[in-house]
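K.L.:
Okay, so here is my_file19.txt, and as you'll see once you scroll down, it has compact mmCIF, C-alpha atoms.
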# COMPACT_ATOMS: atom_id res chain seq x y z
CA MET N 166 -21.25 17.52 9.62
CA GLU N 167 -21.21 14.24 11.42
CA TYR N 168 -20.60 13.97 15.14
CA LYS N 169 -17.67 11.70 15.89
CA ASP N 170 -17.78 9.45 18.92
CA TYR N 171 -14.10 9.34 19.80
CA TYR N 172 -14.69 6.86 22.63
CA LYS N 173 -16.36 4.45 20.25
CA VAL N 174 -13.51 4.85 17.75
CA MET N 175 -11.06 3.89 20.48
CA GLY N 176 -13.27 1.08 21.77
CA ILE N 177 -13.26 2.46 25.34
CA GLY N 178 -15.85 3.76 27.77
CA LYS N 179 -16.31 7.42 28.74
CA GLU N 180 -14.89 6.67 32.16
CA ALA N 181 -11.55 5.40 30.75
CA THR N 182 -8.45 6.71 32.49
CA GLN N 183 -5.69 8.53 30.57
CA VAL N 184 -3.56 5.40 30.95
CA GLU N 185 -6.29 3.26 29.40
CA ILE N 186 -6.67 5.72 26.55
CA LYS N 187 -2.98 5.58 25.80
CA ARG N 188 -3.00 1.79 25.93
CA ALA N 189 -5.99 1.60 23.58
CA PHE N 190 -4.35 4.02 21.18
CA ARG N 191 -1.09 2.09 21.03
CA LYS N 192 -2.91 -1.16 20.39
CA LEU N 193 -5.08 0.30 17.62
CA ALA N 194 -2.17 2.18 16.06
CA ARG N 195 -0.26 -1.08 15.71
CA LYS N 196 -3.33 -2.83 14.34
CA TYR N 197 -4.23 -0.24 11.73
CA HIS N 198 -0.85 1.20 10.81
CA PRO N 199 -0.93 1.37 7.00
CA ASP N 200 2.56 -0.10 6.75
CA VAL N 201 1.59 -3.07 8.88
CA SER N 202 -2.08 -3.76 8.29
CA LYS N 203 -3.47 -5.60 5.31
CA GLU N 204 -7.00 -4.31 5.83
CA LYS N 205 -8.25 -2.21 2.96
CA ASP N 206 -9.47 0.70 5.07
CA ALA N 207 -6.47 0.62 7.40
CA GLU N 208 -5.36 4.11 6.46
CA ASP N 209 -8.75 5.67 7.22
CA LYS N 210 -9.04 3.76 10.47
CA PHE N 211 -5.52 4.81 11.47
CA LYS N 212 -6.34 8.47 10.85
CA GLU N 213 -9.59 8.16 12.77
CA VAL N 214 -7.82 6.63 15.75
CA GLY N 215 -5.11 9.32 15.57
CA GLU N 216 -7.74 12.03 15.59
CA ALA N 217 -9.61 10.48 18.53
CA TYR N 218 -6.37 10.18 20.50
CA GLU N 219 -5.37 13.75 19.71
CA VAL N 220 -8.48 14.88 21.58
CA LEU N 221 -8.74 12.30 24.34
CA LYS N 222 -5.07 12.34 25.37
CA ASP N 223 -5.33 15.99 26.30
CA PRO N 224 -7.44 16.32 29.48
CA LYS N 225 -8.54 19.85 28.54
CA LYS N 226 -9.69 18.92 25.07
CA ARG N 227 -11.25 15.79 26.44
CA ALA N 228 -13.23 17.70 29.04
CA ALA N 229 -14.52 20.13 26.40
CA TYR N 230 -15.37 17.27 24.09
CA ASP N 231 -17.21 15.44 26.89
CA GLN N 232 -19.29 18.50 27.63
CA LEU N 233 -20.18 18.80 23.98
CA GLY N 234 -21.04 15.13 23.69
CA ALA N 235 -23.48 15.34 26.58
CA ASN N 236 -25.82 17.37 24.36
CA TRP N 237 -25.60 15.02 21.43
CA LYS N 238 -27.81 12.01 20.95
CA SER N 239 -26.94 8.98 18.92
CA GLY N 240 -28.60 8.91 15.52
CA GLN N 241 -29.03 12.67 15.42
CA ALA N 242 -28.30 13.81 11.89
CA GLY N 243 -26.23 16.90 11.16
CA PHE N 244 -24.07 18.27 13.91
CA GLU N 245 -23.06 21.87 14.58
CA PRO N 246 -21.19 22.79 17.74
CA PRO N 247 -22.88 25.59 19.70
CA PRO N 248 -20.95 28.88 19.21
CA ASP N 249 -19.64 29.01 22.77
CA TRP N 250 -19.16 25.30 23.21
CA ASP N 251 -15.59 25.66 24.37
CA ALA N 252 -16.03 28.67 26.61
CA GLY N 253 -13.90 28.28 29.67
CA PHE N 254 -11.34 26.03 28.04
CA GLU N 255 -7.93 27.37 27.29
CA PHE N 256 -7.18 26.01 23.89
CA HIS N 257 -9.49 28.29 21.92
CA GLY N 258 -7.89 29.50 18.73
CA GLY N 259 -6.71 26.13 17.66
CA THR N 260 -2.98 26.54 17.76
CA GLN N 261 -2.19 23.56 19.92
CA THR N 262 0.62 21.45 18.73
CA GLY N 263 0.37 17.75 18.68
CA ASP N 264 3.29 15.65 17.66
CA GLN N 265 1.35 12.49 17.04
CA ALA N 266 -0.77 13.09 14.04
CA ASN N 267 -0.97 15.18 10.95
CA ALA N 268 -3.91 17.44 11.56
CA ALA N 269 -4.35 18.15 7.87
CA ASP N 270 -5.84 14.68 7.67
CA PHE N 271 -8.36 15.17 10.44
CA SER N 272 -12.09 15.36 9.88
CA ASP N 273 -14.22 18.47 9.43
CA PHE N 274 -15.65 17.65 12.85
CA PHE N 275 -12.21 17.94 14.44
CA ALA N 276 -11.39 21.06 12.45
CA SER N 277 -14.57 22.84 13.50
CA LEU N 278 -13.81 22.16 17.17
CA PHE N 279 -10.08 22.50 17.48
CA GLY N 280 -9.00 24.38 14.38
CA GLN N 281 -6.65 23.28 11.67
CA GLN N 282 -3.38 24.74 12.75
CA THR N 283 -2.46 21.92 15.03
CA GLY N 284 0.47 20.78 13.00
CA GLY N 285 1.92 17.35 13.12
CA PHE N 286 5.55 16.44 12.59
CA GLN N 287 6.84 19.68 13.98
CA GLY N 288 9.89 19.67 16.21
CA SER N 289 12.72 19.29 13.76
CA HIS N 290 10.78 20.80 10.89
CA GLN N 291 10.48 24.35 12.10
CA ALA N 292 13.38 25.95 10.26
CA ARG N 293 12.24 28.80 8.03
CA HIS N 294 12.80 27.37 4.58
CA THR N 295 11.54 23.94 5.25
CA ARG N 296 11.11 21.42 2.52
CA GLY N 297 7.52 20.23 2.32
CA GLU N 298 6.42 16.84 3.54
CA ASP N 299 6.53 13.89 1.18
CA SER N 300 3.09 12.47 0.53
CA HIS N 301 2.23 8.83 -0.02
CA THR N 302 -0.69 7.22 -1.69
CA LYS N 303 -1.62 3.94 -3.32
CA VAL N 304 -2.65 3.49 -6.92
CA PHE N 305 -4.41 0.37 -8.15
CA ILE N 306 -3.72 -0.70 -11.72
CA ASP N 307 -4.54 -3.69 -13.87
CA LEU N 308 -1.90 -6.19 -14.95
CA GLU N 309 -2.45 -5.09 -18.55
CA ASP N 310 -1.38 -1.56 -17.56
CA ALA N 311 2.00 -2.92 -16.50
CA TYR N 312 2.35 -4.55 -19.93
CA HIS N 313 1.44 -1.53 -22.00
CA GLY N 314 1.88 1.46 -19.73
CA ALA N 315 -1.15 3.59 -18.91
CA SER N 316 -2.30 6.85 -17.50
CA ARG N 317 -4.36 7.29 -14.38
CA SER N 318 -6.08 10.27 -13.01
CA LEU N 319 -5.85 10.63 -9.29
CA THR N 320 -7.69 13.03 -7.05
CA LEU N 321 -5.92 14.08 -3.89
CA ARG N 322 -7.71 15.91 -1.12
CA THR N 323 -5.95 18.08 1.36
CA SER N 324 -7.43 20.52 3.80
CA VAL N 325 -5.95 23.99 3.84
CA LEU N 326 -6.76 27.11 5.77
CA GLY N 327 -8.90 29.36 3.59
CA ALA N 328 -8.72 33.15 3.39
CA ASP N 329 -11.46 33.49 6.01
CA GLY N 330 -9.48 31.34 8.41
CA ARG N 331 -11.84 28.39 8.06
CA PRO N 332 -10.50 25.09 6.86
CA GLU N 333 -11.49 24.11 3.37
CA ILE N 334 -10.99 20.94 1.46
CA LYS N 335 -8.95 21.49 -1.63
CA SER N 336 -8.77 18.75 -4.18
CA ARG N 337 -6.41 18.49 -7.08
CA THR N 338 -6.44 16.05 -9.88
CA LEU N 339 -3.20 14.68 -11.24
CA ASN N 340 -2.88 12.77 -14.46
CA ILE N 341 -0.15 10.27 -13.96
CA LYS N 342 1.75 8.17 -16.40
CA ILE N 343 2.12 4.55 -15.27
CA PRO N 344 5.38 3.33 -16.84
CA LYS N 345 5.42 0.07 -18.74
CA GLY N 346 7.10 -2.72 -16.82
CA ILE N 347 6.22 -1.61 -13.32
CA LYS N 348 6.03 -4.35 -10.69
CA GLU N 349 3.54 -4.72 -7.91
CA GLY N 350 4.66 -2.89 -4.78
CA GLN N 351 7.02 -0.52 -6.58
CA ASN N 352 6.81 3.20 -6.03
CA ILE N 353 6.70 6.07 -8.50
CA ARG N 354 8.14 9.35 -7.31
CA LEU N 355 6.66 12.60 -8.59
CA GLN N 356 9.03 15.35 -7.66
CA GLY N 357 7.55 18.45 -6.09
CA GLN N 358 4.01 17.07 -5.93
CA GLY N 359 3.99 16.53 -2.16
CA SER N 360 3.10 19.15 0.42
CA PRO N 361 4.33 22.69 -0.30
CA GLY N 362 7.38 23.84 1.65
CA THR N 363 7.37 26.86 3.93
CA ALA N 364 8.83 30.16 2.69
CA GLU N 365 11.36 29.25 0.01
CA GLY N 366 11.57 25.61 0.94
CA LYS N 367 10.89 23.22 -1.92
CA ALA N 368 7.72 21.18 -2.08
CA GLY N 369 7.98 17.56 -0.98
CA ASP N 370 7.61 14.61 -3.33
CA LEU N 371 4.59 12.45 -3.96
CA TYR N 372 5.16 8.69 -3.80
CA LEU N 373 2.65 6.42 -5.49
CA LYS N 374 2.74 2.82 -4.41
CA ILE N 375 1.53 0.53 -7.17
CA GLU N 376 -0.84 -2.29 -6.32
CA PHE N 377 -2.37 -4.64 -8.87
CA ASN N 378 -6.10 -5.32 -8.99
CA PRO N 379 -6.65 -9.06 -8.67
CA HIS N 380 -7.01 -10.66 -12.11
CA SER N 381 -9.45 -13.45 -12.90
CA ASN N 382 -7.03 -15.28 -15.24
CA TYR N 383 -3.50 -14.57 -14.10
CA LYS N 384 -1.34 -14.65 -11.03
CA VAL N 385 1.64 -12.35 -10.78
CA LYS N 386 4.92 -12.74 -8.94
CA GLY N 387 7.41 -9.98 -9.58
CA LEU N 388 7.67 -9.81 -13.36
CA ASP N 389 6.46 -13.39 -13.89
CA VAL N 390 2.86 -14.07 -14.79
CA SER N 391 1.13 -17.44 -14.61
CA LEU N 392 -2.01 -18.93 -16.06
CA GLU N 393 -3.87 -22.11 -15.25
CA LEU N 394 -4.92 -23.59 -18.57
CA PRO N 395 -7.81 -26.05 -18.80
CA ILE N 396 -7.34 -28.71 -21.50
CA THR N 397 -9.30 -31.79 -22.63
CA PRO N 398 -8.12 -35.37 -21.92
CA TRP N 399 -7.47 -35.93 -25.63
CA GLU N 400 -5.47 -32.69 -25.95
CA ALA N 401 -3.40 -33.89 -22.99
CA MET N 402 -2.86 -37.34 -24.51
CA LEU N 403 -2.45 -36.54 -28.19
CA GLY N 404 -0.92 -33.11 -27.95
CA ALA N 405 -2.52 -30.04 -29.50
CA LYS N 406 -2.07 -26.50 -30.65
CA VAL N 407 -4.37 -24.22 -28.65
CA GLN N 408 -4.92 -20.53 -28.37
CA ILE N 409 -4.22 -19.06 -24.94
CA PRO N 410 -4.76 -15.57 -23.56
CA THR N 411 -1.85 -13.46 -22.30
CA PRO N 412 -2.07 -9.88 -21.06
CA ALA N 413 -0.36 -8.86 -24.31
CA GLY N 414 -2.90 -10.70 -26.49
CA LYS N 415 -3.68 -14.21 -27.66
CA VAL N 416 -0.84 -16.56 -28.59
CA ASP N 417 -0.68 -20.14 -29.90
CA LEU N 418 0.65 -22.77 -27.55
CA THR N 419 1.74 -26.26 -28.51
CA ILE N 420 0.83 -28.81 -25.90
CA PRO N 421 3.16 -31.81 -26.23
CA ALA N 422 1.67 -35.28 -26.41
CA ALA N 423 1.25 -37.11 -23.09
CA SER N 424 1.07 -34.00 -20.90
CA SER N 425 -0.19 -34.77 -17.43
CA SER N 426 -2.27 -32.42 -15.31
CA GLY N 427 -0.06 -30.00 -13.41
CA LYS N 428 2.59 -29.88 -16.16
CA ARG N 429 4.20 -26.46 -16.20
CA MET N 430 5.28 -24.74 -19.40
CA ARG N 431 7.15 -21.49 -19.85
CA LEU N 432 6.95 -18.80 -22.50
CA LYS N 433 10.20 -16.95 -22.05
CA GLY N 434 9.98 -13.17 -21.97
CA ARG N 435 6.17 -13.07 -22.15
CA GLY N 436 5.77 -11.85 -18.57
CA ILE N 437 5.78 -8.18 -17.66
CA PRO N 438 8.12 -6.34 -20.07
CA ALA N 439 11.31 -4.91 -18.60
CA LYS N 440 15.00 -4.75 -19.42
CA ILE N 441 14.98 -8.45 -18.66
CA ALA N 442 11.32 -9.26 -19.17
CA GLY N 443 9.48 -11.67 -16.91
CA ASP N 444 8.30 -15.08 -18.09
CA PHE N 445 4.80 -16.39 -18.68
CA TYR N 446 4.03 -19.73 -17.04
CA ILE N 447 1.25 -22.10 -18.00
CA THR N 448 0.05 -24.87 -15.74
CA LEU N 449 -2.05 -27.49 -17.52
CA GLU N 450 -5.19 -28.77 -15.91
CA ILE N 451 -7.13 -31.60 -17.51
CA ILE N 452 -10.87 -30.97 -17.37
CA LEU N 453 -13.34 -33.78 -17.97
CA PRO N 454 -16.74 -33.38 -19.60
CA ASP N 455 -19.60 -33.53 -17.08
CA LYS N 456 -21.56 -36.22 -18.88
CA LEU N 457 -20.86 -38.79 -21.56
CA ASN N 458 -23.34 -40.02 -24.13
CA GLU N 459 -23.64 -43.75 -24.77
CA ARG N 460 -21.21 -43.75 -27.69
CA GLU N 461 -18.56 -41.77 -25.76
CA LYS N 462 -18.97 -44.14 -22.85
CA SER N 463 -18.38 -47.19 -25.03
CA LEU N 464 -15.34 -45.55 -26.62
CA TYR N 465 -13.84 -44.96 -23.16
CA GLN N 466 -14.59 -48.58 -22.27
CA ALA N 467 -12.82 -49.73 -25.40
CA LEU N 468 -9.87 -47.54 -24.45
CA GLN N 469 -9.90 -49.01 -20.95
CA GLN N 470 -9.59 -52.52 -22.40
CA GLU N 471 -6.92 -51.49 -24.86
CA SER N 472 -4.77 -49.68 -22.23
CA GLY N 473 -5.51 -52.09 -19.40
CA SER N 474 -1.84 -52.62 -18.55
CA PHE N 475 -1.21 -48.94 -17.73
CA ASN N 476 -0.94 -48.43 -13.97
CA PRO N 477 -0.36 -44.83 -12.78
CA ARG N 478 -0.02 -46.09 -9.19
CA VAL N 479 3.06 -48.24 -9.68
CA LYS N 480 5.10 -45.92 -7.47
CA LEU N 481 2.64 -46.40 -4.64
CA GLY N 482 3.27 -50.14 -4.72
CA VAL N 483 -0.32 -51.10 -5.54
CA MET E 8 -14.33 22.79 -3.36
CA LYS E 9 -11.49 23.90 -5.57
CA ASN E 10 -10.30 21.64 -8.28
CA GLU E 11 -7.19 22.06 -10.35
CA ILE E 12 -6.31 19.81 -13.23
CA THR E 13 -2.71 19.45 -14.25
CA ARG E 14 -0.89 17.98 -17.22
CA LEU E 15 0.23 14.36 -17.55
CA LEU E 16 2.95 13.77 -14.99
CA SER E 17 5.51 11.06 -15.28
CA GLY E 18 7.87 9.98 -12.57
CA ALA E 19 10.64 7.47 -12.14
CA ILE E 20 10.20 4.07 -10.51
CA VAL E 21 12.02 4.58 -7.24
CA GLU E 22 13.15 0.95 -6.84
CA GLU E 23 14.84 0.95 -10.24
CA ASP E 24 16.98 3.94 -9.46
CA SER E 25 20.00 1.97 -8.40
CA HIS E 26 22.44 4.74 -7.68
CA VAL E 27 21.41 7.03 -4.90
CA SER E 28 24.34 8.68 -3.16
CA PHE E 29 24.58 9.09 0.60
CA ASN E 30 23.83 12.80 0.26
CA GLN E 31 20.84 12.25 -1.98
CA LEU E 32 19.48 9.67 0.42
CA CYS E 33 19.70 12.11 3.35
CA HIS E 34 18.01 14.76 1.25
CA CYS E 35 15.23 12.52 -0.11
CA CYS E 36 14.35 11.27 3.35
CA SER E 37 14.91 14.60 5.19
CA LEU E 38 17.23 12.88 7.66
CA SER E 39 20.68 13.73 8.93
CA GLU E 40 23.78 11.69 8.07
CA GLU E 41 23.88 10.39 11.65
CA GLN E 42 20.30 9.17 11.43
CA ILE E 43 20.96 7.32 8.18
CA ILE E 44 24.15 5.80 9.57
CA SER E 45 22.35 4.49 12.61
CA MET E 46 19.77 2.89 10.29
CA ILE E 47 22.64 1.19 8.48
CA GLU E 48 24.05 0.05 11.81
CA HIS E 49 20.71 -1.53 12.66
CA GLY E 50 20.62 -3.31 9.31
CA ILE E 51 17.53 -1.47 8.08
CA ILE E 52 19.34 -0.53 4.87
CA GLU E 53 22.72 -1.32 3.41
CA PRO E 54 24.97 0.52 0.95
CA LEU E 55 25.68 -1.40 -2.28
CA GLU E 56 29.35 -1.54 -1.31
CA PRO E 57 29.50 -1.19 2.46
CA LEU E 58 33.30 -1.30 2.59
CA LEU E 59 33.74 2.09 0.89
CA THR E 60 33.83 5.27 2.96
CA SER E 61 30.50 7.02 3.38
CA SER E 62 31.11 9.74 0.78
CA TYR E 63 31.37 7.01 -1.90
CA TRP E 64 28.34 5.05 -0.73
CA GLN E 65 25.66 4.22 -3.25
CA PHE E 66 22.23 2.87 -2.38
CA SER E 67 19.47 1.19 -4.31
CA GLY E 68 16.33 3.28 -4.79
CA GLY E 69 14.35 0.83 -2.64
CA CYS E 70 16.31 2.14 0.38
CA ILE E 71 14.37 5.41 0.16
CA ILE E 72 11.07 3.58 0.54
CA ARG E 73 12.45 1.44 3.34
CA ILE E 74 13.71 4.42 5.29
CA GLN E 75 10.40 6.22 4.86
CA THR E 76 8.55 3.19 6.18
CA ALA E 77 11.00 2.97 9.08
CA VAL E 78 10.47 6.63 9.93
CA ARG E 79 6.68 6.23 9.88
CA LEU E 80 6.78 3.13 12.09
CA GLN E 81 9.17 4.77 14.53
CA HIS E 82 7.13 7.92 14.75
CA ASP E 83 3.60 6.51 14.72
CA LEU E 84 4.17 3.52 16.96
CA GLU E 85 6.82 5.03 19.25
CA ILE E 86 9.33 2.24 18.68
CA ASN E 87 13.10 2.51 18.72
CA LEU E 88 15.38 1.62 15.80
CA ALA E 89 16.03 -1.94 16.95
CA GLY E 90 12.28 -2.54 17.18
CA THR E 91 11.76 -0.89 13.80
CA ALA E 92 14.38 -3.13 12.20
CA LEU E 93 12.69 -6.19 13.68
CA ALA E 94 9.24 -5.02 12.51
CA LEU E 95 10.55 -4.44 8.97
CA GLU E 96 12.13 -7.87 8.80
CA LEU E 97 8.96 -9.54 10.05
CA LEU E 98 6.90 -7.53 7.55
CA ASP E 99 9.19 -8.73 4.75
CA GLU E 100 8.74 -12.29 5.87
CA ILE E 101 4.96 -11.94 6.07
CA ARG E 102 4.91 -10.42 2.57
CA ASN E 103 6.91 -13.37 1.19
CA LEU E 104 4.73 -15.91 2.95
CA ARG E 105 1.56 -14.21 1.72
CA GLN E 106 2.95 -14.26 -1.79
CA GLN E 107 3.65 -17.98 -1.47
CA VAL E 108 0.18 -18.69 -0.12
CA LYS E 109 -1.30 -16.71 -3.00
CA SER E 110 0.64 -18.68 -5.59
CA LEU E 111 -0.32 -22.00 -4.00
CA GLN E 112 -3.99 -21.16 -3.69
CA ARG E 113 -6.26 -22.66 -6.28
CA ASP E 114 -9.39 -20.75 -7.09
Write out the structure in this file as structure tokens.

P.N.:
Amino acid sequence: MEYKDYYKVMGIGKEATQVEIKRAFRKLARKYHPDVSKEKDAEDKFKEVGEAYEVLKDPKKRAAYDQLGANWKSGQAGFEPPPDWDAGFEFHGGTQTGDQANAADFSDFFASLFGQQTGGFQGSHQARHTRGEDSHTKVFIDLEDAYHGASRSLTLRTSVLGADGRPEIKSRTLNIKIPKGIKEGQNIRLQGQGSPGTAEGKAGDLYLKIEFNPHSNYKVKGLDVSLELPITPWEAMLGAKVQIPTPAGKVDLTIPAASSSGKRMRLKGRGIPAKIAGDFYITLEIILPDKLNEREKSLYQALQQESGSFNPRVKLGV
Amino acid sequence: MKNEITRLLSGAIVEEDSHVSFNQLCHCCSLSEEQIISMIEHGIIEPLEPLLTSSYWQFSGGCIIRIQTAVRLQHDLEINLAGTALALELLDEIRNLRQQVKSLQRD
């Protein structure tokens, strides 16, 4: 088990006052709240901060933790608390209640010190047949999955109190169907797959928030998908029929003659499928060859002479 | 470590469920009628036809997600409903702006 330096997590010194601890917690909670933060590991950081605060906000727990930390040296691998580490402190038995955090999410380190029964979200939830908590998690899918539908297997870890009273990590794997036509940011609800209820209370639901993995070819907005399509100068000028990729497979696209760079074309209904399917947008981008051979160069020069009267800067007055 | 494998589960897309009744909404979010009403009063969510009486109210499925986010923000950051409503609106705006930046960015 790894020793956790709660002071470091909170970015404060060991001498911090309770007021400073609270201030640091509030600031970090706002920064790392998973609904607010864009950082990838926000959820883990938020839990870590919640765990640190759970200990440091309580002067008794903090004092016990400080005493423990005095015997621990940075870089020391493997950490086991001495059997009587908390002797003389009142909270032994681990049935404190904290209303800030959900202790089920706390680390093994926390569990071994303070027990697992510190329940979060209590208060209004203590009726006998309580419905279980809803759980939330994110699932990353590819754009193609939204076109065709897919299945994903997802492993969820929760810590539960084992038969011997010690916390154990239980993992369960769910195979989930990703429905065709789902949009980025939408949620799938799996009924009864959240936390179990107490007594005869029903289990909560599991909500899966869908995020798309970034795609190298396409950009997605709602149900619409767009592609930047490189074309040659002669395709742009003369028009052409070219093959283009779409998440549903290759299709032929007719580029009209005299298409300038930046021209936008639309393939109706070729975006993400839905009752009213999204559209597929193509933005043309003229790409020039890096080098010309002598013959190509002279052909361009001939073209320059032939088209000498064309001025694309007329609008600029020059 | 225990590991249990279950069958293929399929669920509904919450946002596309366009007819959630007032009762269902309270149930889904484990909140009382009063709590939901005060969220409506703060503009966090809105019934599809706000002029009807509450027993006829219908909500879009997205309201469930919005309420859940509101509850988390309120609880985790110790902010009141007015602050939560403001935070949600600003988050919406940031999401839209980020989306715009993303679509304008050239690789």

K.L.:
Quick one: pull the distance between atom CA of Lys456 of chain N and atom CA of Ile420 of chain N, Å, one decimal.

P.N.:
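We find that atom CA of Lys456 of chain N and atom CA of Ile420 of chain N lie 24.6 Å from each other.
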
K.L.:
Quick one: residues within 8 Å of Phe274 of chain N, only C-alpha atoms, excluding same-chain residues fewer than 4 positions away - as a PyMOL selection string?

P.N.:
chain N and resi 166-169+278

K.L.:
Mind listing as a ChimeraX atom specification which residues of chain E are within 9 Å of chain N, counting only C-alpha atoms?

P.N.:
/E:8-23,35-37,69,72,76,79-80,82-85,94,98,106,109-110

K.L.:
With distances taken over only C-alpha atoms, which of E:Glu53, E:Asp24, E:Glu40, E:Glu100 is nearest to Gly68 of chain E?

P.N.:
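The closest residue to Gly68 of chain E is E:Asp24.
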
K.L.:
Do you have the atom CA of Gly362 of chain N-atom CA of Thr323 of chain N distance handy?

P.N.:
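Rounded to one decimal, the two atoms are 14.5 Å apart.
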
K.L.:
Starting from the sparse input, extend segment 187-199 of chain N to N, CA and C atoms and give the output as an mmCIF file, in the coordinates of the input.

P.N.:
data_model
loop_
_atom_site.group_PDB
_atom_site.id
_atom_site.type_symbol
_atom_site.label_atom_id
_atom_site.label_comp_id
_atom_site.auth_asym_id
_atom_site.auth_seq_id
_atom_site.Cartn_x
_atom_site.Cartn_y
_atom_site.Cartn_z
ATOM 1 N N LYS N 187 -4.269 5.742 26.460
ATOM 2 C CA LYS N 187 -2.980 5.580 25.800
ATOM 3 C C LYS N 187 -2.771 4.139 25.365
ATOM 4 N N ARG N 188 -3.160 3.212 26.230
ATOM 5 C CA ARG N 188 -3.000 1.790 25.930
ATOM 6 C C ARG N 188 -3.847 1.420 24.710
ATOM 7 N N ALA N 189 -5.088 1.902 24.694
ATOM 8 C CA ALA N 189 -5.990 1.600 23.580
ATOM 9 C C ALA N 189 -5.432 2.178 22.285
ATOM 10 N N PHE N 190 -4.903 3.389 22.379
ATOM 11 C CA PHE N 190 -4.350 4.020 21.180
ATOM 12 C C PHE N 190 -3.184 3.219 20.618
ATOM 13 N N ARG N 191 -2.278 2.818 21.506
ATOM 14 C CA ARG N 191 -1.090 2.090 21.030
ATOM 15 C C ARG N 191 -1.492 0.786 20.338
ATOM 16 N N LYS N 192 -2.466 0.113 20.939
ATOM 17 C CA LYS N 192 -2.910 -1.160 20.390
ATOM 18 C C LYS N 192 -3.530 -0.951 18.997
ATOM 19 N N LEU N 193 -4.401 0.048 18.896
ATOM 20 C CA LEU N 193 -5.080 0.300 17.620
ATOM 21 C C LEU N 193 -4.114 0.824 16.567
ATOM 22 N N ALA N 194 -3.151 1.632 17.008
ATOM 23 C CA ALA N 194 -2.170 2.180 16.060
ATOM 24 C C ALA N 194 -1.368 1.050 15.440
ATOM 25 N N ARG N 195 -0.996 0.065 16.261
ATOM 26 C CA ARG N 195 -0.260 -1.080 15.710
ATOM 27 C C ARG N 195 -1.140 -1.891 14.763
ATOM 28 N N LYS N 196 -2.412 -2.013 15.141
ATOM 29 C CA LYS N 196 -3.330 -2.830 14.340
ATOM 30 C C LYS N 196 -3.602 -2.198 12.975
ATOM 31 N N TYR N 197 -3.794 -0.888 12.972
ATOM 32 C CA TYR N 197 -4.230 -0.240 11.730
ATOM 33 C C TYR N 197 -3.132 0.533 11.015
ATOM 34 N N HIS N 198 -1.896 0.435 11.481
ATOM 35 C CA HIS N 198 -0.850 1.200 10.810
ATOM 36 C C HIS N 198 -0.776 0.770 9.341
ATOM 37 N N PRO N 199 -0.860 1.732 8.423
ATOM 38 C CA PRO N 199 -0.930 1.370 7.000
ATOM 39 C C PRO N 199 0.279 0.564 6.512
#
